[in-house]
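This is my_file.csv (CSV, C-alpha atoms).
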chain,number,residue,atom,x,y,z
A,1,MET,CA,-13.4,0.0,1.8
A,2,ARG,CA,-9.6,0.4,1.8
A,3,PRO,CA,-8.2,3.6,0.4
A,4,GLY,CA,-7.7,3.4,-3.3
A,5,ASN,CA,-10.4,0.7,-3.7
A,6,ARG,CA,-13.3,3.1,-4.0
A,7,ARG,CA,-15.0,2.6,-7.3
A,8,GLN,CA,-15.1,5.5,-9.7
A,9,PRO,CA,-18.5,5.7,-11.5
A,10,ARG,CA,-18.0,5.9,-15.2
A,11,LEU,CA,-19.8,4.5,-18.2
A,12,GLU,CA,-17.7,1.9,-20.0
A,13,LEU,CA,-18.4,0.3,-23.3
A,14,GLY,CA,-20.0,-2.9,-21.9
A,15,VAL,CA,-22.4,-0.9,-19.8
A,16,ILE,CA,-23.3,1.3,-22.7
A,17,LEU,CA,-23.9,-1.7,-24.9
A,18,LEU,CA,-26.1,-3.4,-22.2
A,19,LEU,CA,-28.2,-0.3,-21.6
A,20,SER,CA,-28.6,0.2,-25.4
A,21,GLU,CA,-29.8,-3.4,-25.9
A,22,MET,CA,-32.2,-3.1,-23.0
A,23,PHE,CA,-33.5,0.2,-24.4
A,24,ASN,CA,-34.0,-1.3,-27.9
A,25,MET,CA,-35.9,-4.3,-26.6
A,26,GLY,CA,-37.9,-2.2,-24.1
A,27,PHE,CA,-37.4,-2.1,-20.4
A,28,GLY,CA,-41.1,-2.9,-20.0
A,29,THR,CA,-40.6,-6.2,-21.8
A,30,ILE,CA,-38.1,-7.5,-19.2
A,31,PRO,CA,-39.8,-9.1,-16.2
A,32,ARG,CA,-39.3,-7.2,-13.0
A,33,VAL,CA,-37.1,-9.5,-11.0
A,34,THR,CA,-34.8,-10.0,-13.9
A,35,LEU,CA,-34.8,-6.3,-14.6
A,36,PHE,CA,-34.1,-5.3,-11.0
A,37,THR,CA,-31.3,-7.9,-10.7
A,38,ILE,CA,-29.6,-6.6,-13.8
A,39,LEU,CA,-29.9,-3.0,-12.7
A,40,GLY,CA,-28.6,-3.8,-9.2
A,41,GLN,CA,-25.5,-5.5,-10.7
A,42,VAL,CA,-24.9,-2.6,-13.1
A,43,LEU,CA,-25.2,0.0,-10.3
A,44,LEU,CA,-22.9,-2.1,-8.1
A,45,TYR,CA,-20.3,-2.4,-10.9
A,46,LEU,CA,-20.5,1.4,-11.6
A,47,GLY,CA,-20.0,2.2,-7.9
A,48,VAL,CA,-23.4,4.0,-7.6
A,49,ILE,CA,-24.2,1.4,-4.9
A,50,ASN,CA,-21.4,2.2,-2.5
A,51,VAL,CA,-20.2,-0.9,-0.7
A,52,PRO,CA,-17.4,-1.3,1.9
A,53,TRP,CA,-15.5,-3.8,-0.2
A,54,SER,CA,-13.7,-4.2,-3.5
A,55,LYS,CA,-14.8,-6.8,-5.9
A,56,TRP,CA,-11.6,-8.8,-5.3
A,57,ASP,CA,-12.2,-8.8,-1.6
A,58,VAL,CA,-15.3,-11.0,-2.0
A,59,CYS,CA,-14.3,-13.4,-4.7
A,60,ILE,CA,-15.2,-17.0,-3.7
A,61,SER,CA,-12.5,-19.6,-3.1
A,62,GLY,CA,-12.4,-22.8,-1.1
A,63,ASP,CA,-9.5,-21.4,0.9
A,64,ALA,CA,-11.3,-18.2,1.9
A,65,VAL,CA,-14.5,-19.9,2.9
A,66,LEU,CA,-13.2,-23.1,4.6
A,67,ARG,CA,-10.0,-21.7,6.2
A,68,THR,CA,-10.9,-18.1,7.0
A,69,LYS,CA,-14.7,-18.6,7.3
A,70,ASP,CA,-15.5,-15.7,5.1
A,71,TYR,CA,-19.1,-16.8,4.4
A,72,ARG,CA,-20.2,-13.4,2.9
A,73,ARG,CA,-18.4,-14.6,-0.3
A,74,PHE,CA,-21.2,-17.1,-0.9
A,75,ILE,CA,-23.5,-14.2,-1.9
A,76,LEU,CA,-21.4,-11.2,-2.7
A,77,SER,CA,-19.1,-12.9,-5.2
A,78,THR,CA,-22.0,-13.8,-7.4
A,79,PHE,CA,-23.0,-10.2,-8.1
A,80,GLU,CA,-19.5,-8.7,-8.8
A,81,HIS,CA,-17.9,-8.7,-12.2
A,82,GLY,CA,-14.4,-8.5,-13.5
A,83,ASP,CA,-14.9,-5.9,-16.2
A,84,ASP,CA,-17.6,-4.2,-18.3
A,85,MET,CA,-17.7,-6.9,-21.0
A,86,HIS,CA,-18.0,-9.6,-18.4
A,87,LEU,CA,-21.0,-7.8,-17.0
A,88,TYR,CA,-22.5,-7.2,-20.5
A,89,TYR,CA,-22.4,-10.8,-21.7
A,90,ASN,CA,-23.7,-12.2,-18.4
A,91,MET,CA,-26.6,-9.8,-18.3
A,92,ILE,CA,-27.6,-10.3,-21.9
A,93,SER,CA,-27.7,-14.0,-21.2
A,94,PHE,CA,-29.7,-13.4,-18.0
A,95,ILE,CA,-32.3,-11.4,-19.9
A,96,ILE,CA,-33.0,-14.4,-22.2
A,97,LYS,CA,-33.2,-16.9,-19.4
A,98,GLY,CA,-35.1,-14.6,-17.1
A,99,ARG,CA,-37.7,-13.9,-19.8
A,100,THR,CA,-38.3,-17.6,-20.1
A,101,LEU,CA,-38.3,-18.7,-16.5
A,102,GLU,CA,-39.7,-15.7,-14.7
A,103,ASN,CA,-42.7,-15.6,-16.9
A,104,ARG,CA,-43.3,-19.3,-16.4
A,105,TYR,CA,-42.8,-19.4,-12.6
A,106,GLY,CA,-44.0,-15.9,-11.6
A,107,SER,CA,-41.8,-13.2,-10.2
A,108,SER,CA,-41.9,-14.1,-6.6
A,109,ASN,CA,-41.1,-17.8,-7.2
A,110,PHE,CA,-38.3,-16.8,-9.6
A,111,ALA,CA,-36.7,-14.5,-7.0
A,112,VAL,CA,-36.6,-17.2,-4.4
A,113,LEU,CA,-35.3,-19.7,-6.9
A,114,LEU,CA,-32.5,-17.4,-7.8
A,115,ALA,CA,-31.5,-17.1,-4.1
A,116,PHE,CA,-31.4,-20.9,-3.8
A,117,LEU,CA,-29.3,-21.2,-7.0
A,118,VAL,CA,-26.8,-18.7,-5.7
A,119,VAL,CA,-26.2,-20.7,-2.5
A,120,ILE,CA,-26.3,-24.1,-4.2
A,121,THR,CA,-24.0,-23.1,-7.0
A,122,ASN,CA,-21.4,-21.6,-4.7
A,123,SER,CA,-21.7,-24.7,-2.4
A,124,PHE,CA,-20.8,-26.9,-5.3
A,125,TYR,CA,-17.9,-24.6,-6.1
A,126,ILE,CA,-16.5,-25.0,-2.7
A,127,ALA,CA,-17.1,-28.8,-2.8
A,128,LEU,CA,-15.3,-29.0,-6.2
A,129,ALA,CA,-12.3,-27.1,-4.8
A,130,LYS,CA,-12.2,-29.4,-1.8
A,131,PHE,CA,-12.4,-32.5,-4.0
A,132,GLY,CA,-9.7,-31.3,-6.3
A,133,SER,CA,-7.4,-30.5,-3.3
A,134,GLU,CA,-8.0,-33.8,-1.5
A,135,PHE,CA,-8.4,-36.3,-4.3
A,136,LEU,CA,-6.6,-34.7,-7.2
A,137,GLU,CA,-3.9,-33.2,-5.0
A,138,ASP,CA,-4.2,-29.9,-6.7
A,139,TYR,CA,-4.3,-27.3,-4.0
A,140,SER,CA,-4.5,-24.5,-6.6
A,141,MET,CA,-8.2,-25.3,-6.9
A,142,MET,CA,-8.6,-24.2,-3.3
A,143,ARG,CA,-7.0,-20.9,-4.0
A,144,SER,CA,-8.7,-20.2,-7.3
A,145,CYS,CA,-11.0,-17.2,-6.6
A,146,ALA,CA,-14.0,-16.4,-8.8
A,147,ILE,CA,-16.6,-13.7,-9.2
A,148,GLY,CA,-19.5,-13.2,-11.5
A,149,PHE,CA,-23.1,-14.4,-12.3
A,150,SER,CA,-22.1,-17.0,-14.8
A,151,GLY,CA,-22.4,-20.0,-12.4
A,152,VAL,CA,-26.0,-19.1,-11.8
A,153,LEU,CA,-26.5,-18.6,-15.5
A,154,PHE,CA,-25.3,-22.1,-16.2
A,155,ALA,CA,-27.8,-23.4,-13.6
A,156,LEU,CA,-30.6,-21.4,-15.3
A,157,LYS,CA,-29.5,-22.8,-18.7
A,158,VAL,CA,-30.0,-26.4,-17.4
A,159,ILE,CA,-33.4,-25.4,-16.0
A,160,THR,CA,-34.4,-23.7,-19.2
A,161,THR,CA,-33.5,-26.8,-21.2
A,162,ALA,CA,-35.7,-28.9,-18.9
A,163,GLU,CA,-38.6,-26.5,-19.3
A,164,THR,CA,-38.3,-26.5,-23.1
A,165,ALA,CA,-39.4,-29.2,-25.5
A,166,PRO,CA,-36.4,-31.2,-26.8
A,167,GLY,CA,-34.9,-29.5,-29.8
A,168,THR,CA,-31.6,-28.4,-31.4
A,169,ALA,CA,-29.3,-25.8,-30.0
A,170,TYR,CA,-26.5,-24.1,-32.0
A,171,ILE,CA,-23.2,-23.7,-30.2
A,172,MET,CA,-20.8,-21.7,-32.4
A,173,GLY,CA,-22.8,-22.7,-35.4
A,174,LEU,CA,-22.7,-26.4,-34.5
A,175,PRO,CA,-26.1,-28.1,-34.1
A,176,MET,CA,-26.6,-30.5,-31.1
A,177,PRO,CA,-29.4,-31.7,-28.9
A,178,SER,CA,-30.3,-28.9,-26.6
A,179,LYS,CA,-29.8,-31.1,-23.5
A,180,TYR,CA,-26.1,-31.1,-24.2
A,181,ALA,CA,-25.8,-27.4,-24.8
A,182,ALA,CA,-24.7,-26.4,-21.3
A,183,TRP,CA,-22.0,-29.1,-21.3
A,184,ALA,CA,-20.8,-28.0,-24.7
A,185,GLU,CA,-20.5,-24.4,-23.7
A,186,LEU,CA,-18.7,-25.4,-20.5
A,187,LEU,CA,-15.9,-27.0,-22.6
A,188,ILE,CA,-15.8,-24.4,-25.3
A,189,ILE,CA,-15.5,-21.5,-22.8
A,190,HIS,CA,-12.9,-23.4,-20.9
A,191,LEU,CA,-10.8,-23.8,-24.1
A,192,MET,CA,-11.4,-20.4,-25.6
A,193,VAL,CA,-11.3,-18.2,-22.4
A,194,PRO,CA,-8.3,-19.3,-20.3
A,195,ASN,CA,-9.2,-17.1,-17.4
A,196,ALA,CA,-12.8,-18.3,-17.2
A,197,SER,CA,-13.8,-20.2,-14.1
A,198,PHE,CA,-14.3,-23.8,-15.1
A,199,MET,CA,-15.2,-24.8,-11.6
A,200,GLY,CA,-17.7,-22.0,-11.3
A,201,HIS,CA,-19.5,-23.0,-14.6
A,202,LEU,CA,-19.4,-26.7,-13.7
A,203,ALA,CA,-20.8,-25.8,-10.2
A,204,GLY,CA,-23.7,-24.0,-12.0
A,205,ILE,CA,-24.5,-27.0,-14.2
A,206,LEU,CA,-24.5,-29.3,-11.2
A,207,ALA,CA,-26.8,-27.0,-9.3
A,208,GLY,CA,-29.2,-27.0,-12.3
A,209,CYS,CA,-29.1,-30.8,-12.5
A,210,LEU,CA,-29.7,-31.1,-8.8
A,211,TYR,CA,-32.9,-29.0,-9.2
A,212,THR,CA,-34.2,-30.6,-12.4
A,213,SER,CA,-33.2,-34.2,-11.9
A,214,THR,CA,-33.3,-35.1,-8.2
A,215,PHE,CA,-35.9,-35.1,-5.4
A,216,ILE,CA,-34.1,-31.9,-4.1
A,217,GLY,CA,-35.9,-30.0,-6.8
A,218,LYS,CA,-39.3,-31.0,-5.4
A,219,VAL,CA,-38.2,-30.0,-1.9
A,220,ILE,CA,-37.0,-26.6,-3.2
A,221,ASP,CA,-40.3,-26.1,-5.1
A,222,SER,CA,-42.3,-27.0,-1.9
A,223,ILE,CA,-40.3,-24.5,0.1
A,224,ILE,CA,-40.7,-21.8,-2.5
A,225,SER,CA,-44.4,-22.4,-2.7
A,226,ASN,CA,-44.7,-22.1,1.1
A,227,ILE,CA,-42.8,-18.8,1.0
A,228,THR,CA,-44.7,-17.2,-1.9
A,229,GLY,CA,-48.0,-18.9,-1.8
A,230,TRP,CA,-47.8,-19.9,-5.5
A,231,PRO,CA,-47.0,-23.4,-6.8
A,232,ILE,CA,-44.4,-24.0,-9.5
A,233,PHE,CA,-45.4,-26.1,-12.5
A,234,HIS,CA,-42.9,-27.9,-14.8
A,235,GLU,CA,-42.8,-30.2,-17.8
A,236,HIS,CA,-44.0,-27.7,-20.4
A,237,GLN,CA,-47.2,-27.0,-18.5
A,238,SER,CA,-49.0,-23.7,-19.1
A,239,ARG,CA,-48.4,-20.8,-16.8
A,240,PHE,CA,-50.2,-21.0,-13.5
A,241,THR,CA,-53.7,-19.4,-13.5
A,242,PRO,CA,-55.2,-18.8,-10.0
A,243,PRO,CA,-58.3,-20.9,-9.9
A,244,SER,CA,-60.1,-18.5,-7.6
A,245,SER,CA,-59.7,-15.5,-9.9
A,246,SER,CA,-61.9,-15.1,-13.0
A,247,SER,CA,-60.0,-12.0,-14.0
A,248,TYR,CA,-57.1,-14.2,-15.2
A,249,SER,CA,-57.2,-16.2,-18.4
A,250,ASN,CA,-55.0,-18.9,-19.7
A,251,ASN,CA,-52.8,-16.2,-21.3
A,252,TYR,CA,-51.7,-14.8,-17.9
A,253,ASP,CA,-49.4,-16.2,-15.2
A,254,SER,CA,-49.8,-15.9,-11.5
A,255,GLN,CA,-48.3,-12.4,-11.4
A,256,GLY,CA,-50.2,-11.0,-14.4
A,257,PHE,CA,-47.5,-11.4,-17.0
A,258,ARG,CA,-48.8,-12.2,-20.4
A,259,ALA,CA,-48.1,-15.8,-21.4
A,260,GLY,CA,-46.4,-16.3,-24.7
A,261,ALA,CA,-45.1,-12.8,-25.0
A,262,TYR,CA,-41.6,-14.0,-25.1
A,263,GLY,CA,-41.9,-17.7,-25.8
A,264,SER,CA,-42.3,-17.3,-29.6
A,265,GLN,CA,-39.5,-14.9,-29.8
A,266,PHE,CA,-37.0,-17.0,-27.9
A,267,GLY,CA,-38.3,-20.5,-27.4
A,268,ASN,CA,-38.6,-21.3,-31.1
A,269,SER,CA,-35.7,-19.3,-32.3
A,270,GLY,CA,-32.1,-20.4,-32.7
A,271,PHE,CA,-31.5,-19.5,-29.1
A,272,ASN,CA,-33.9,-22.1,-27.7
A,273,GLY,CA,-33.8,-20.2,-24.4
A,274,PHE,CA,-30.0,-19.9,-24.4
A,275,GLY,CA,-27.9,-16.8,-24.8
A,276,PRO,CA,-24.3,-15.7,-24.9
A,277,ASN,CA,-22.3,-16.6,-21.8
A,278,ILE,CA,-19.1,-15.0,-20.5
A,279,PHE,CA,-16.4,-14.4,-23.1
A,280,GLN,CA,-14.5,-11.8,-21.1
A,281,ARG,CA,-11.0,-10.5,-21.6
A,282,THR,CA,-8.0,-12.2,-20.0
A,283,TYR,CA,-6.3,-10.0,-17.5
A,284,THR,CA,-2.6,-9.5,-17.2
A,285,THR,CA,-2.9,-7.5,-14.0
A,286,ARG,CA,-2.7,-8.7,-10.4
A,287,GLU,CA,-6.1,-10.3,-10.7
A,288,GLN,CA,-4.6,-12.9,-13.1
A,289,GLU,CA,-1.4,-13.3,-11.2
A,290,TYR,CA,-3.3,-14.4,-8.1
A,291,GLY,CA,-5.5,-16.8,-10.0
A,292,TRP,CA,-8.7,-14.8,-9.8
A,293,ARG,CA,-11.3,-15.9,-12.4
A,294,TYR,CA,-14.5,-14.7,-13.8
Let's see the structure in the file written out as structure tokens.
Amino acid sequence: MRPGNRRQPRLELGVILLLSEMFNMGFGTIPRVTLFTILGQVLLYLGVINVPWSKWDVCISGDAVLRTKDYRRFILSTFEHGDDMHLYYNMISFIIKGRTLENRYGSSNFAVLLAFLVVITNSFYIALAKFGSEFLEDYSMMRSCAIGFSGVLFALKVITTAETAPGTAYIMGLPMPSKYAAWAELLIIHLMVPNASFMGHLAGILAGCLYTSTFIGKVIDSIISNITGWPIFHEHQSRFTPPSSSSYSNNYDSQGFRAGAYGSQFGNSGFNGFGPNIFQRTYTTREQEYGWRY
């Protein structure tokens, strides 16, 4: 890490709010992969996890990946955040989606799926940057540099929608079919938060659609099942119960999580599996000057 880039651990408002929300809902009610992923990103943001880079050294851009071959950005950019409120909103949204999907798929399956979504989302980001540069003749799209978990969150939003019975979602108080919620949030965030990464969010939606609406999703499920030993069920099916174990009932999933513990709280509420996405502050520092986005 270059001199002056070392992170100074300190509790900021967004971190305090996040920990307070998690304490109020109970850390034990958050599935373990979701919980560890959140805590890891919090510790990384605070500098407790000491890494040899600054967050802006690993922001993902088409230029950095395709021209300088800095492939570490495919992973590291996802887990860095621009500021404390960026982290707060992303992690609150992740809790809601993680509760829905991790309890449906099982922790090990969900962990591997997250890894796939990180790579696929960032691949779409690079593809969109290249497309914009080549066909729209807008090379600024290649230089646009993004960090944050929100692309993966948009992918999870699409998957959550596919796993939830059709219903109504409320976006800024406006009712609409839940299947359009991700696209509506994409446009609203783009209009309301000028420094938000439109390409990053669109890449996440495309990654979610690839998984839920093409044969690629079945291929990914097969790979995940081969890695973890547990199948993934979709289309509103009940959580998987191992047929060889009489100790599990229909109320428990493959990892022993109680089925329905979170479904009634979130699945039938106004959230319908959705949560707040990034509404972070617009920067006037060098991050904004160089086109970095969150």
Problem set entry | Best match for closeness to Phe124 (chain A) among A:Ile38, A:Val219, A:Val33, A:Val152, counting all atoms listed in the file | A:Val152
Kindly provide, as lines of an AutoDock Vina configuration file, the centre and edge lengths (Å, one decimal) of an axis-aligned box around all atoms of region 195-214 of chain A given in the file, with 8 Å on each side.
center_x = -21.7
center_y = -26.1
center_z = -12.8
size_x = 41.0
size_y = 34.0
size_z = 25.2
Spatial neighbours of region 9-26 of chain A, 6 Å, all atoms listed in the file, chain gap at least 5 places, as a CSV table (one decimal) with C-alpha atoms, in the frame of the given file:
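Produced file part.csv, reproduced below:
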chain,number,residue,atom,x,y,z
A,46,LEU,CA,-20.5,1.4,-11.6
A,47,GLY,CA,-20.0,2.2,-7.9
A,84,ASP,CA,-17.6,-4.2,-18.3
A,85,MET,CA,-17.7,-6.9,-21.0
A,88,TYR,CA,-22.5,-7.2,-20.5
For this session: Would you please work out which residue, of A:Met199, A:Val193, A:Val58, A:Ala155, is nearest to Val119 (chain A) when using all atoms listed in the file?
Result: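 Looking at the shortest contact to Val119 (chain A), the residue is A:Ala155.
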For this session: Rounded to one decimal place, report the CA of Phe135 (chain A)-CA of Thr214 (chain A) distance in Å.
Result: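 So the two atoms, CA of Phe135 (chain A) and CA of Thr214 (chain A), lie 25.2 Å apart.
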Seminar exercise, completed: Residue with the minimum atom-to-atom distance to Phe116 (chain A), picked from A:Ile49, A:Ile171, A:Leu156, A:Leu35 with all atoms listed in the file counted, is A:Leu156
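Checking A:Leu87, A:Ile30, A:Val118, A:Leu66 one by one against Val42 (chain A), counting all atoms listed in the file, you find the shortest gap at A:Leu87.
The two atoms in question, CA of Gly208 (chain A) and CA of Ile189 (chain A), are spaced 18.1 Å apart.
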For this session: Would you mind reading off the distance between CA of Met176 (chain A) and CA of Leu206 (chain A), one decimal, in Å?
Result: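 Distance between the two atoms: 20.0 Å.
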Seminar exercise, completed: Between A:Ile126, A:Val65, A:Ile216, A:Ile159, smallest distance to Glu102 (chain A) by all atoms listed in the file belongs to A:Ile159
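Remark: for Gly82 (chain A), the closest of the candidate residues A:Trp56, A:Tyr105, A:Phe27, A:Phe94 is A:Trp56 (distances computed over all atoms listed in the file).
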Exercise. What's the 9 Å shell around Thr228 (chain A), counting all atoms listed in the file, without same-chain residues fewer than 4 positions away, as a PyMOL selection string?
Worked result: chain A and resi 108-109+112+223-224
Could I see region 216-227 of chain A restored to all heavy atoms, set down as an mmCIF file, in the frame of the given file?
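So rebuild-v8.cif came out as:
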data_model
loop_
_atom_site.group_PDB
_atom_site.id
_atom_site.type_symbol
_atom_site.label_atom_id
_atom_site.label_comp_id
_atom_site.auth_asym_id
_atom_site.auth_seq_id
_atom_site.Cartn_x
_atom_site.Cartn_y
_atom_site.Cartn_z
ATOM 1 N N ILE A 216 -34.407 -33.237 -4.718
ATOM 2 C CA ILE A 216 -34.100 -31.900 -4.100
ATOM 3 C C ILE A 216 -34.902 -30.834 -4.765
ATOM 4 O O ILE A 216 -35.351 -29.883 -4.119
ATOM 5 C CB ILE A 216 -32.608 -31.642 -4.156
ATOM 6 C CG1 ILE A 216 -31.809 -32.717 -3.400
ATOM 7 C CG2 ILE A 216 -32.309 -30.262 -3.595
ATOM 8 C CD1 ILE A 216 -32.106 -32.762 -1.919
ATOM 9 N N GLY A 217 -35.105 -30.976 -6.073
ATOM 10 C CA GLY A 217 -35.900 -30.000 -6.800
ATOM 11 C C GLY A 217 -37.299 -29.857 -6.267
ATOM 12 O O GLY A 217 -37.840 -28.754 -6.124
ATOM 13 N N LYS A 218 -37.917 -31.016 -5.974
ATOM 14 C CA LYS A 218 -39.300 -31.000 -5.400
ATOM 15 C C LYS A 218 -39.302 -30.368 -4.040
ATOM 16 O O LYS A 218 -40.248 -29.658 -3.688
ATOM 17 C CB LYS A 218 -39.836 -32.409 -5.394
ATOM 18 C CG LYS A 218 -40.030 -33.028 -6.770
ATOM 19 C CD LYS A 218 -40.630 -34.421 -6.677
ATOM 20 C CE LYS A 218 -40.841 -35.018 -8.062
ATOM 21 N NZ LYS A 218 -41.415 -36.383 -7.999
ATOM 22 N N VAL A 219 -38.260 -30.633 -3.261
ATOM 23 C CA VAL A 219 -38.200 -30.000 -1.900
ATOM 24 C C VAL A 219 -38.065 -28.504 -2.057
ATOM 25 O O VAL A 219 -38.736 -27.749 -1.337
ATOM 26 C CB VAL A 219 -36.978 -30.598 -1.150
ATOM 27 C CG1 VAL A 219 -36.794 -29.858 0.174
ATOM 28 C CG2 VAL A 219 -37.164 -32.097 -0.903
ATOM 29 N N ILE A 220 -37.203 -28.050 -2.983
ATOM 30 C CA ILE A 220 -37.000 -26.600 -3.200
ATOM 31 C C ILE A 220 -38.348 -25.982 -3.658
ATOM 32 O O ILE A 220 -38.747 -24.910 -3.175
ATOM 33 C CB ILE A 220 -35.910 -26.343 -4.207
ATOM 34 C CG1 ILE A 220 -34.559 -26.746 -3.600
ATOM 35 C CG2 ILE A 220 -35.893 -24.876 -4.630
ATOM 36 C CD1 ILE A 220 -33.407 -26.654 -4.571
ATOM 37 N N ASP A 221 -39.041 -26.641 -4.589
ATOM 38 C CA ASP A 221 -40.300 -26.100 -5.100
ATOM 39 C C ASP A 221 -41.320 -25.993 -3.921
ATOM 40 O O ASP A 221 -42.082 -25.020 -3.847
ATOM 41 C CB ASP A 221 -40.892 -27.033 -6.147
ATOM 42 C CG ASP A 221 -40.229 -26.839 -7.496
ATOM 43 O OD1 ASP A 221 -39.434 -25.887 -7.633
ATOM 44 O OD2 ASP A 221 -40.493 -27.643 -8.406
ATOM 45 N N SER A 222 -41.340 -26.991 -3.042
ATOM 46 C CA SER A 222 -42.300 -27.000 -1.900
ATOM 47 C C SER A 222 -41.949 -25.783 -0.981
ATOM 48 O O SER A 222 -42.853 -25.081 -0.519
ATOM 49 C CB SER A 222 -42.195 -28.280 -1.139
ATOM 50 O OG SER A 222 -43.034 -28.255 -0.009
ATOM 51 N N ILE A 223 -40.659 -25.572 -0.720
ATOM 52 C CA ILE A 223 -40.300 -24.500 0.100
ATOM 53 C C ILE A 223 -40.625 -23.125 -0.507
ATOM 54 O O ILE A 223 -41.151 -22.217 0.153
ATOM 55 C CB ILE A 223 -38.740 -24.521 0.412
ATOM 56 C CG1 ILE A 223 -38.394 -25.776 1.229
ATOM 57 C CG2 ILE A 223 -38.271 -23.271 1.155
ATOM 58 C CD1 ILE A 223 -36.904 -26.008 1.390
ATOM 59 N N ILE A 224 -40.350 -23.009 -1.812
ATOM 60 C CA ILE A 224 -40.700 -21.800 -2.500
ATOM 61 C C ILE A 224 -42.170 -21.494 -2.466
ATOM 62 O O ILE A 224 -42.611 -20.365 -2.200
ATOM 63 C CB ILE A 224 -40.185 -21.841 -3.981
ATOM 64 C CG1 ILE A 224 -38.658 -21.861 -4.042
ATOM 65 C CG2 ILE A 224 -40.732 -20.664 -4.788
ATOM 66 C CD1 ILE A 224 -38.098 -22.065 -5.428
ATOM 67 N N SER A 225 -42.971 -22.528 -2.705
ATOM 68 C CA SER A 225 -44.400 -22.400 -2.700
ATOM 69 C C SER A 225 -44.921 -21.947 -1.313
ATOM 70 O O SER A 225 -45.860 -21.141 -1.187
ATOM 71 C CB SER A 225 -45.107 -23.646 -3.143
ATOM 72 O OG SER A 225 -44.786 -23.944 -4.488
ATOM 73 N N ASN A 226 -44.307 -22.494 -0.265
ATOM 74 C CA ASN A 226 -44.700 -22.100 1.100
ATOM 75 C C ASN A 226 -44.343 -20.662 1.390
ATOM 76 O O ASN A 226 -45.035 -19.985 2.152
ATOM 77 C CB ASN A 226 -44.025 -23.037 2.106
ATOM 78 C CG ASN A 226 -44.640 -24.429 2.128
ATOM 79 O OD1 ASN A 226 -45.812 -24.599 1.798
ATOM 80 N ND2 ASN A 226 -43.850 -25.427 2.498
ATOM 81 N N ILE A 227 -43.242 -20.194 0.800
ATOM 82 C CA ILE A 227 -42.800 -18.800 1.000
ATOM 83 C C ILE A 227 -43.694 -17.828 0.256
ATOM 84 O O ILE A 227 -44.128 -16.800 0.788
ATOM 85 C CB ILE A 227 -41.339 -18.629 0.618
ATOM 86 C CG1 ILE A 227 -40.427 -19.437 1.565
ATOM 87 C CG2 ILE A 227 -40.947 -17.147 0.631
ATOM 88 C CD1 ILE A 227 -38.967 -19.438 1.133
#
